[in-house]
Amino acid sequence: MKSLLNFLRAIIFIVAIYFLLKFVFFFFDWGGVKAMIFFGEIKEKMNQFLFWVLFSFFGIALLAVLWLLFKYLSILIMALLVLICPYRSFAAWSVGIISIIYSCFFLYGYWFSGKNSLTFRDVMFGLILIGACIQLCVSLIEGVFFSYKVEDTIDLE
């Protein structure tokens, strides 16, 4: 009976991770496209030099804060969701594999979305997205291990 309950918990965990990562990558895609359009429109309306000076000071700081907020909220949700799964290695492997699959589909959708030519801005944004997807996958897996480290600390007391 206990093994059946653990199996059901693992299935519920997989379904929850699937929908969580679908949600995370939807907002990752939506926010990235909105940011690219927003910065592109501002760049067209401003002086080129002034845009890059202001972007290097304020834009990068704003993007870094938003990225950290997005990343740590994802880690927090993942750390809480991992408590459903009864098996540690299964949780880590399933989160890793599903997040890598979502990253591949996300990046494929960006690079091969029917554009005939890519501008410099598109290529640079694509390279930034590749780095962000890798960092997000690693962060989600770290969220799994963080959850179990906290659980082990609580068990020791």
# chains A, B, ... in the order shown; residues from 1 in each chain; ligands from 1

call {"tool": "residues_around", "arguments": {"residues": "segment 80-89 of chain A", "least_positions_apart": "3", "cutoff": "9 Å", "atoms": "only C-alpha atoms", "output": "list in words"}}
result
Asn6, Phe7, Arg9, Ala10, Ile11, Ile12, Phe13, Ile14, Ala16, Ile17, Ile75, Leu76, Ile77, Ala92, Trp93, Ser94, Gly143, Val144, Phe145, Ser147, Tyr148 and Glu151 of chain A

call {"tool": "closest_atom_pairs", "arguments": {"of": "segment 48-94 of chain A", "to": "segment 114-137 of chain A", "cutoff": "10 Å", "atoms": "only C-alpha atoms", "output": "JSON lines"}}
result
{"residue": "A:Trp67", "atom": "CA", "partner": "A:Ala132", "partner_atom": "CA", "distance": 8.8}
{"residue": "A:Phe70", "atom": "CA", "partner": "A:Leu136", "partner_atom": "CA", "distance": 9.5}
{"residue": "A:Lys71", "atom": "CA", "partner": "A:Leu136", "partner_atom": "CA", "distance": 6.7}
{"residue": "A:Tyr72", "atom": "CA", "partner": "A:Leu136", "partner_atom": "CA", "distance": 9.7}
{"residue": "A:Ser74", "atom": "CA", "partner": "A:Leu136", "partner_atom": "CA", "distance": 8.6}
{"residue": "A:Ile75", "atom": "CA", "partner": "A:Leu136", "partner_atom": "CA", "distance": 9.0}

call {"tool": "write_last_selection", "arguments": {"atoms": "N, CA, C and O atoms", "output": "tab-separated table (two decimals), in the first residue's frame"}}
result
chain	number	residue	atom	x	y	z
A	67	TRP	N	15.27	39.61	-13.20
A	67	TRP	CA	15.71	38.23	-13.41
A	67	TRP	C	15.89	37.51	-12.08
A	67	TRP	O	15.46	36.37	-11.91
A	70	PHE	N	12.46	36.74	-10.60
A	70	PHE	CA	11.83	35.63	-11.34
A	70	PHE	C	12.50	34.30	-10.97
A	70	PHE	O	11.82	33.31	-10.71
A	71	LYS	N	13.82	34.31	-10.93
A	71	LYS	CA	14.55	33.07	-10.66
A	71	LYS	C	14.29	32.56	-9.25
A	71	LYS	O	14.00	31.38	-9.05
A	72	TYR	N	14.35	33.44	-8.26
A	72	TYR	CA	14.18	32.99	-6.88
A	72	TYR	C	12.73	32.65	-6.55
A	72	TYR	O	12.48	31.78	-5.71
A	74	SER	N	10.82	31.20	-8.77
A	74	SER	CA	10.73	29.86	-9.37
A	74	SER	C	11.38	28.82	-8.46
A	74	SER	O	10.85	27.71	-8.29
A	75	ILE	N	12.52	29.15	-7.87
A	75	ILE	CA	13.19	28.22	-6.95
A	75	ILE	C	12.33	27.97	-5.72
A	75	ILE	O	12.22	26.83	-5.25

call {"tool": "closest_residue", "arguments": {"among": "A:Ser3, A:Leu63, A:Ser99, A:Phe39", "to": "Met78 of chain A", "atoms": "only C-alpha atoms"}}
result
A:Ser99

call {"tool": "atom_distance", "arguments": {"atom1": "atom CA of Phe105 of chain A", "atom2": "atom CA of Ala91 of chain A"}}
result
21.2 Å

call {"tool": "atom_distance", "arguments": {"atom1": "atom CA of Trp111 of chain A", "atom2": "atom CA of Ile98 of chain A"}}
result
20.1 Å
